[in-house]
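Here's run.txt, which has compact mmCIF, N, CA, C and O atoms:
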# COMPACT_ATOMS: atom_id res chain seq x y z
N MET A 1 -0.33 -1.25 -7.86
CA MET A 1 0.83 -0.63 -8.44
C MET A 1 1.34 0.53 -7.57
O MET A 1 2.51 0.79 -7.57
N VAL A 2 0.44 1.18 -6.87
CA VAL A 2 0.86 2.28 -6.01
C VAL A 2 1.75 1.75 -4.89
O VAL A 2 2.75 2.38 -4.53
N LEU A 3 1.41 0.59 -4.36
CA LEU A 3 2.23 -0.01 -3.32
C LEU A 3 3.62 -0.34 -3.86
O LEU A 3 4.62 -0.14 -3.18
N ARG A 4 3.69 -0.80 -5.10
CA ARG A 4 4.97 -1.12 -5.73
C ARG A 4 5.82 0.15 -5.85
O ARG A 4 7.00 0.16 -5.52
N TYR A 5 5.22 1.25 -6.32
CA TYR A 5 5.95 2.52 -6.43
C TYR A 5 6.45 2.97 -5.06
O TYR A 5 7.61 3.37 -4.91
N PHE A 6 5.57 2.91 -4.08
CA PHE A 6 5.94 3.34 -2.74
C PHE A 6 7.08 2.51 -2.17
O PHE A 6 8.03 3.06 -1.60
N LEU A 7 7.02 1.18 -2.34
CA LEU A 7 8.06 0.33 -1.79
C LEU A 7 9.40 0.55 -2.45
O LEU A 7 10.44 0.58 -1.79
N PHE A 8 9.42 0.73 -3.76
CA PHE A 8 10.68 0.98 -4.44
C PHE A 8 11.24 2.36 -4.11
O PHE A 8 12.46 2.53 -3.98
N LEU A 9 10.38 3.36 -3.97
CA LEU A 9 10.87 4.67 -3.56
C LEU A 9 11.39 4.65 -2.12
O LEU A 9 12.39 5.29 -1.80
N LEU A 10 10.74 3.88 -1.26
CA LEU A 10 11.22 3.72 0.10
C LEU A 10 12.57 3.00 0.12
O LEU A 10 13.48 3.39 0.86
N ALA A 11 12.72 1.98 -0.71
CA ALA A 11 14.00 1.28 -0.81
C ALA A 11 15.09 2.21 -1.32
O ALA A 11 16.23 2.18 -0.83
N ALA A 12 14.78 3.05 -2.29
CA ALA A 12 15.76 4.01 -2.80
C ALA A 12 16.16 5.00 -1.71
O ALA A 12 17.35 5.33 -1.56
N TYR A 13 15.20 5.47 -0.94
CA TYR A 13 15.49 6.39 0.16
C TYR A 13 16.41 5.74 1.19
O TYR A 13 17.39 6.33 1.64
N ILE A 14 16.10 4.50 1.55
CA ILE A 14 16.91 3.79 2.55
C ILE A 14 18.32 3.55 2.04
O ILE A 14 19.30 3.78 2.75
N VAL A 15 18.44 3.10 0.80
CA VAL A 15 19.77 2.85 0.23
C VAL A 15 20.58 4.13 0.20
O VAL A 15 21.75 4.16 0.58
N PHE A 16 19.96 5.21 -0.25
CA PHE A 16 20.69 6.47 -0.37
C PHE A 16 21.15 6.98 0.99
O PHE A 16 22.30 7.38 1.15
N HIS A 17 20.29 6.94 1.99
CA HIS A 17 20.65 7.49 3.29
C HIS A 17 21.55 6.57 4.11
O HIS A 17 22.23 7.04 5.02
N MET A 18 21.55 5.28 3.82
CA MET A 18 22.45 4.38 4.55
C MET A 18 23.87 4.42 3.98
O MET A 18 24.83 4.23 4.71
N ILE A 19 24.02 4.66 2.69
CA ILE A 19 25.34 4.60 2.07
C ILE A 19 25.97 5.97 1.89
O ILE A 19 27.18 6.11 1.99
N PHE A 20 25.17 6.99 1.61
CA PHE A 20 25.74 8.31 1.29
C PHE A 20 26.52 8.86 2.47
O PHE A 20 26.06 8.84 3.60
N PRO A 21 27.73 9.36 2.23
CA PRO A 21 28.62 9.79 3.34
C PRO A 21 28.31 11.21 3.82
O PRO A 21 29.06 12.14 3.57
N PHE A 22 27.22 11.37 4.53
CA PHE A 22 26.87 12.71 5.03
C PHE A 22 27.89 13.22 6.04
O PHE A 22 28.12 14.41 6.17
N GLY A 23 28.53 12.31 6.78
CA GLY A 23 29.51 12.72 7.79
C GLY A 23 30.76 13.35 7.20
O GLY A 23 31.40 14.20 7.83
N LEU A 24 31.12 12.98 5.99
CA LEU A 24 32.31 13.55 5.36
C LEU A 24 32.09 14.96 4.84
O LEU A 24 33.05 15.66 4.52
N PHE A 25 30.85 15.41 4.76
CA PHE A 25 30.60 16.78 4.31
C PHE A 25 30.90 17.81 5.38
O PHE A 25 30.98 19.00 5.09
N ARG A 26 31.07 17.38 6.60
CA ARG A 26 31.37 18.33 7.68
C ARG A 26 32.85 18.73 7.68
O ARG A 26 33.21 19.75 8.25
N THR A 27 33.69 17.92 7.06
CA THR A 27 35.12 18.26 7.01
C THR A 27 35.41 19.09 5.77
O THR A 27 34.76 18.95 4.74
N ARG A 28 36.40 19.94 5.90
CA ARG A 28 36.80 20.76 4.76
C ARG A 28 37.58 19.91 3.78
O ARG A 28 38.19 18.91 4.14
N LEU A 29 37.58 20.28 2.53
CA LEU A 29 38.28 19.54 1.49
C LEU A 29 39.79 19.55 1.74
O LEU A 29 40.48 18.57 1.46
N ALA A 30 40.29 20.64 2.31
CA ALA A 30 41.73 20.73 2.58
C ALA A 30 42.14 19.79 3.72
O ALA A 30 43.30 19.36 3.78
N ASP A 31 41.22 19.45 4.61
CA ASP A 31 41.53 18.57 5.73
C ASP A 31 41.40 17.09 5.38
O ASP A 31 41.78 16.23 6.16
N MET A 32 40.83 16.78 4.23
CA MET A 32 40.65 15.39 3.83
C MET A 32 41.95 14.81 3.29
O MET A 32 42.72 15.49 2.63
N THR A 33 42.16 13.56 3.60
CA THR A 33 43.27 12.84 2.98
C THR A 33 42.79 12.32 1.63
O THR A 33 41.61 12.40 1.29
N GLY A 34 43.68 11.75 0.86
CA GLY A 34 43.31 11.19 -0.43
C GLY A 34 42.34 10.04 -0.29
O GLY A 34 41.42 9.89 -1.09
N ALA A 35 42.52 9.24 0.76
CA ALA A 35 41.61 8.12 1.00
C ALA A 35 40.21 8.61 1.36
O ALA A 35 39.22 8.02 0.92
N ASP A 36 40.13 9.67 2.16
CA ASP A 36 38.82 10.23 2.50
C ASP A 36 38.10 10.77 1.26
O ASP A 36 36.90 10.58 1.10
N LEU A 37 38.87 11.41 0.38
CA LEU A 37 38.27 11.94 -0.84
C LEU A 37 37.78 10.81 -1.74
O LEU A 37 36.67 10.87 -2.29
N LEU A 38 38.60 9.76 -1.89
CA LEU A 38 38.17 8.61 -2.70
C LEU A 38 36.96 7.91 -2.07
O LEU A 38 36.06 7.46 -2.79
N LEU A 39 36.93 7.84 -0.74
CA LEU A 39 35.78 7.25 -0.06
C LEU A 39 34.53 8.08 -0.30
O LEU A 39 33.45 7.53 -0.55
N LEU A 40 34.66 9.39 -0.25
CA LEU A 40 33.54 10.28 -0.51
C LEU A 40 33.01 10.08 -1.93
O LEU A 40 31.80 9.93 -2.13
N ILE A 41 33.90 10.02 -2.89
CA ILE A 41 33.48 9.85 -4.29
C ILE A 41 32.85 8.48 -4.50
O ILE A 41 31.79 8.36 -5.11
N ALA A 42 33.49 7.43 -3.99
CA ALA A 42 32.99 6.06 -4.21
C ALA A 42 31.64 5.84 -3.53
O ALA A 42 30.71 5.30 -4.14
N ARG A 43 31.51 6.26 -2.28
CA ARG A 43 30.24 6.05 -1.59
C ARG A 43 29.13 6.91 -2.18
O ARG A 43 27.98 6.48 -2.22
N SER A 44 29.46 8.09 -2.66
CA SER A 44 28.45 8.93 -3.32
C SER A 44 27.95 8.28 -4.59
O SER A 44 26.75 8.26 -4.87
N LEU A 45 28.88 7.73 -5.38
CA LEU A 45 28.48 7.05 -6.62
C LEU A 45 27.64 5.81 -6.34
O LEU A 45 26.62 5.56 -7.00
N VAL A 46 28.06 5.00 -5.36
CA VAL A 46 27.32 3.78 -5.04
C VAL A 46 25.92 4.12 -4.54
O VAL A 46 24.93 3.49 -4.93
N ALA A 47 25.81 5.13 -3.69
CA ALA A 47 24.50 5.51 -3.16
C ALA A 47 23.60 6.05 -4.26
O ALA A 47 22.41 5.72 -4.32
N THR A 48 24.14 6.86 -5.15
CA THR A 48 23.34 7.42 -6.22
C THR A 48 22.90 6.35 -7.21
O THR A 48 21.74 6.32 -7.63
N ILE A 49 23.81 5.45 -7.58
CA ILE A 49 23.47 4.38 -8.52
C ILE A 49 22.45 3.43 -7.89
O ILE A 49 21.50 3.00 -8.55
N GLY A 50 22.64 3.08 -6.62
CA GLY A 50 21.70 2.19 -5.95
C GLY A 50 20.31 2.79 -5.85
O GLY A 50 19.31 2.12 -6.10
N ALA A 51 20.23 4.06 -5.48
CA ALA A 51 18.93 4.72 -5.38
C ALA A 51 18.29 4.86 -6.76
O ALA A 51 17.08 4.64 -6.91
N ALA A 52 19.08 5.20 -7.77
CA ALA A 52 18.53 5.33 -9.13
C ALA A 52 18.02 3.99 -9.63
O ALA A 52 16.99 3.93 -10.32
N TYR A 53 18.71 2.91 -9.31
CA TYR A 53 18.25 1.57 -9.72
C TYR A 53 16.86 1.28 -9.15
O TYR A 53 15.98 0.82 -9.86
N PHE A 54 16.67 1.54 -7.87
CA PHE A 54 15.38 1.26 -7.25
C PHE A 54 14.28 2.18 -7.79
O PHE A 54 13.14 1.76 -7.93
N VAL A 55 14.61 3.43 -8.08
CA VAL A 55 13.60 4.33 -8.64
C VAL A 55 13.19 3.87 -10.03
O VAL A 55 12.00 3.78 -10.34
N VAL A 56 14.16 3.55 -10.87
CA VAL A 56 13.84 3.09 -12.23
C VAL A 56 13.10 1.76 -12.18
O VAL A 56 12.12 1.55 -12.89
N ARG A 57 13.56 0.86 -11.33
CA ARG A 57 12.92 -0.45 -11.21
C ARG A 57 11.48 -0.32 -10.70
O ARG A 57 10.61 -1.09 -11.10
N GLY A 58 11.23 0.65 -9.86
CA GLY A 58 9.88 0.84 -9.33
C GLY A 58 8.90 1.38 -10.36
O GLY A 58 7.72 1.10 -10.30
N PHE A 59 9.38 2.18 -11.31
CA PHE A 59 8.47 2.79 -12.27
C PHE A 59 8.36 2.02 -13.58
O PHE A 59 7.54 2.37 -14.42
N ILE A 60 9.15 0.98 -13.77
CA ILE A 60 9.00 0.14 -14.96
C ILE A 60 7.88 -0.87 -14.68
O ILE A 60 7.90 -1.57 -13.67
N GLN A 61 6.92 -0.92 -15.59
CA GLN A 61 5.80 -1.83 -15.42
C GLN A 61 6.23 -3.27 -15.74
O GLN A 61 6.95 -3.49 -16.71
N PRO A 62 5.80 -4.24 -14.94
CA PRO A 62 6.08 -5.63 -15.29
C PRO A 62 5.28 -6.03 -16.52
O PRO A 62 4.32 -5.36 -16.91
N ALA A 63 5.67 -7.13 -17.13
CA ALA A 63 4.96 -7.62 -18.31
C ALA A 63 3.50 -7.90 -17.94
O ALA A 63 3.20 -8.28 -16.80
N PRO A 64 2.58 -7.73 -18.88
CA PRO A 64 1.15 -7.91 -18.56
C PRO A 64 0.81 -9.29 -18.01
O PRO A 64 -0.05 -9.40 -17.14
N HIS A 65 1.46 -10.33 -18.49
CA HIS A 65 1.12 -11.67 -17.99
C HIS A 65 1.72 -11.94 -16.61
O HIS A 65 1.36 -12.89 -15.96
N ASP A 66 2.63 -11.09 -16.13
CA ASP A 66 3.23 -11.25 -14.81
C ASP A 66 2.66 -10.31 -13.76
O ASP A 66 3.03 -10.38 -12.60
N ARG A 67 1.78 -9.40 -14.12
CA ARG A 67 1.33 -8.37 -13.18
C ARG A 67 0.54 -8.91 -12.01
O ARG A 67 0.79 -8.54 -10.88
N ASP A 68 -0.44 -9.74 -12.27
CA ASP A 68 -1.32 -10.20 -11.20
C ASP A 68 -1.07 -11.64 -10.79
O ASP A 68 -1.87 -12.23 -10.09
N ARG A 69 0.02 -12.19 -11.22
CA ARG A 69 0.31 -13.59 -10.91
C ARG A 69 0.90 -13.68 -9.50
O ARG A 69 1.85 -13.00 -9.16
N LEU A 70 0.32 -14.54 -8.71
CA LEU A 70 0.84 -14.78 -7.37
C LEU A 70 1.67 -16.06 -7.32
O LEU A 70 2.65 -16.15 -6.62
N TRP A 71 1.25 -17.05 -8.09
CA TRP A 71 1.94 -18.32 -8.08
C TRP A 71 1.68 -19.00 -9.40
O TRP A 71 0.64 -18.86 -10.00
N CYS A 72 2.62 -19.77 -9.86
CA CYS A 72 2.47 -20.45 -11.14
C CYS A 72 3.08 -21.83 -11.04
O CYS A 72 4.06 -22.03 -10.32
N GLU A 73 2.53 -22.76 -11.77
CA GLU A 73 3.04 -24.12 -11.71
C GLU A 73 4.42 -24.25 -12.34
O GLU A 73 5.09 -25.25 -12.18
N ARG A 74 4.84 -23.26 -13.06
CA ARG A 74 6.15 -23.32 -13.69
C ARG A 74 7.25 -23.38 -12.63
O ARG A 74 8.31 -23.94 -12.87
N TRP A 75 7.00 -22.85 -11.46
CA TRP A 75 8.03 -22.80 -10.43
C TRP A 75 7.94 -23.95 -9.43
O TRP A 75 8.59 -23.92 -8.41
N THR A 76 7.14 -24.93 -9.71
CA THR A 76 7.09 -26.08 -8.81
C THR A 76 8.30 -26.96 -9.04
O THR A 76 8.87 -27.00 -10.13
N ALA A 77 8.69 -27.68 -8.04
CA ALA A 77 9.89 -28.50 -8.12
C ALA A 77 9.65 -29.78 -8.90
O ALA A 77 10.57 -30.35 -9.48
N SER A 78 8.43 -30.26 -8.92
CA SER A 78 8.14 -31.55 -9.53
C SER A 78 7.91 -31.41 -11.03
O SER A 78 7.08 -30.62 -11.47
N PRO A 79 8.62 -32.19 -11.86
CA PRO A 79 8.36 -32.15 -13.30
C PRO A 79 6.99 -32.73 -13.65
O PRO A 79 6.41 -32.39 -14.67
N LEU A 80 6.46 -33.61 -12.79
CA LEU A 80 5.14 -34.18 -13.05
C LEU A 80 4.05 -33.11 -12.91
O LEU A 80 3.07 -33.12 -13.64
N ALA A 81 4.23 -32.21 -11.98
CA ALA A 81 3.24 -31.15 -11.79
C ALA A 81 3.22 -30.23 -13.01
O ALA A 81 2.18 -29.72 -13.40
N ARG A 82 4.37 -30.03 -13.63
CA ARG A 82 4.42 -29.18 -14.81
C ARG A 82 3.77 -29.86 -16.01
O ARG A 82 3.17 -29.22 -16.84
N SER A 83 3.88 -31.15 -16.12
CA SER A 83 3.34 -31.84 -17.28
C SER A 83 1.84 -32.07 -17.16
O SER A 83 1.20 -32.40 -18.15
N ARG A 84 1.27 -31.93 -15.98
CA ARG A 84 -0.16 -32.16 -15.79
C ARG A 84 -1.02 -31.14 -16.53
O ARG A 84 -2.03 -31.47 -17.11
N SER A 85 -0.65 -29.90 -16.49
CA SER A 85 -1.49 -28.89 -17.14
C SER A 85 -0.72 -28.27 -18.30
O SER A 85 0.04 -27.34 -18.13
N ARG A 86 -0.90 -28.78 -19.45
CA ARG A 86 -0.21 -28.27 -20.63
C ARG A 86 -0.94 -27.07 -21.22
O ARG A 86 -0.37 -26.33 -22.00
N LEU A 87 -2.20 -26.87 -20.88
CA LEU A 87 -2.95 -25.75 -21.41
C LEU A 87 -2.79 -24.49 -20.58
O LEU A 87 -3.22 -23.42 -21.00
N ASP A 88 -2.16 -24.61 -19.43
CA ASP A 88 -1.96 -23.46 -18.56
C ASP A 88 -0.95 -22.52 -19.20
O ASP A 88 0.14 -22.93 -19.57
N PRO A 89 -1.26 -21.23 -19.36
CA PRO A 89 -0.32 -20.30 -20.01
C PRO A 89 0.90 -19.97 -19.15
O PRO A 89 1.81 -19.35 -19.62
N CYS A 90 0.89 -20.38 -17.91
CA CYS A 90 2.06 -20.11 -17.05
C CYS A 90 3.20 -20.90 -17.58
O CYS A 90 4.23 -21.02 -17.22

Take the structure in the file and give it back as structure tokens.
Amino acid sequence: MVLRYFLFLLAAYIVFHMIFPFGLFRTRLADMTGADLLLLIARSLVATIGAAYFVVRGFIQPAPHDRDRLWCERWTASPLARSRSRLDPC
């Protein structure tokens, strides 16, 4: 679970720093055009929402029956493989 937390926090960090418009903070508000201001607002919102999604997604625990599952017959392409084991809880 620690690896899961770390990976989602790393993904949030990457999303935030790749999208957030740090370059637009160097210009004064009076020098910005309307399009620059809208770009600043839109990219800030997208970066914040994207990073928040990954943080929340990282700290929500998966369902108990899905935590340690690596593979399940439910996802096989063959319907015959699914019908072979009816007692399998997957």

Excluding A:Ala51 and any residue of its chain fewer than 2 positions from it, enumerate the residues within 8 Å of it, using only C-alpha atoms, and give them as a tab-separated table (two decimals) with N, CA, C and O atoms, in the coordinates of the input.
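Written file, part14.tsv:
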chain	number	residue	atom	x	y	z
A	11	ALA	N	12.72	1.98	-0.71
A	11	ALA	CA	14.00	1.28	-0.81
A	11	ALA	C	15.09	2.21	-1.32
A	11	ALA	O	16.23	2.18	-0.83
A	12	ALA	N	14.78	3.05	-2.29
A	12	ALA	CA	15.76	4.01	-2.80
A	12	ALA	C	16.16	5.00	-1.71
A	12	ALA	O	17.35	5.33	-1.56
A	13	TYR	N	15.20	5.47	-0.94
A	13	TYR	CA	15.49	6.39	0.16
A	13	TYR	C	16.41	5.74	1.19
A	13	TYR	O	17.39	6.33	1.64
A	15	VAL	N	18.44	3.10	0.80
A	15	VAL	CA	19.77	2.85	0.23
A	15	VAL	C	20.58	4.13	0.20
A	15	VAL	O	21.75	4.16	0.58
A	16	PHE	N	19.96	5.21	-0.25
A	16	PHE	CA	20.69	6.47	-0.37
A	16	PHE	C	21.15	6.98	0.99
A	16	PHE	O	22.30	7.38	1.15
A	47	ALA	N	25.81	5.13	-3.69
A	47	ALA	CA	24.50	5.51	-3.16
A	47	ALA	C	23.60	6.05	-4.26
A	47	ALA	O	22.41	5.72	-4.32
A	48	THR	N	24.14	6.86	-5.15
A	48	THR	CA	23.34	7.42	-6.22
A	48	THR	C	22.90	6.35	-7.21
A	48	THR	O	21.74	6.32	-7.63
A	49	ILE	N	23.81	5.45	-7.58
A	49	ILE	CA	23.47	4.38	-8.52
A	49	ILE	C	22.45	3.43	-7.89
A	49	ILE	O	21.50	3.00	-8.55
A	53	TYR	N	18.71	2.91	-9.31
A	53	TYR	CA	18.25	1.57	-9.72
A	53	TYR	C	16.86	1.28	-9.15
A	53	TYR	O	15.98	0.82	-9.86
A	54	PHE	N	16.67	1.54	-7.87
A	54	PHE	CA	15.38	1.26	-7.25
A	54	PHE	C	14.28	2.18	-7.79
A	54	PHE	O	13.14	1.76	-7.93
A	55	VAL	N	14.61	3.43	-8.08
A	55	VAL	CA	13.60	4.33	-8.64
A	55	VAL	C	13.19	3.87	-10.03
A	55	VAL	O	12.00	3.78	-10.34

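Between atom N of A:Leu9 and atom CA of A:Arg26 the interatomic distance comes to 28.3 Å.
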
Interatomic distance (Å, one decimal) between atom CA of A:Val46 and atom CA of A:Gln61: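 Taking atom CA of A:Val46 and atom CA of A:Gln61, their separation equals 24.5 Å.
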
In terms of the shortest atom-to-atom distance over only C-alpha atoms, which of A:Gly58, A:Ala42, A:Ala52, A:Ala63 is closest to A:Phe20? A:Ala42

Pairwise distance for atom CA of A:Arg43 and atom C of A:Ile19, rounded to one decimal in Å: 5.5 Å

Per DSSP on the backbone, what are the helix (DSSP H, G or I) residues of stretch 17-75 of chain A, as number ranges by chain? A: 17-19, 22-26, 29-31, 34-59, 64-66, 73-75

With 8 Å added on each side, what axis-aligned box encloses every listed atom of stretch 2-6 of chain A? Give the centre and edge lengths in Å to one decimal, as lines of an AutoDock Vina configuration file.
center_x = 4.2
center_y = 1.1
center_z = -4.2
size_x = 23.6
size_y = 20.5
size_z = 21.3
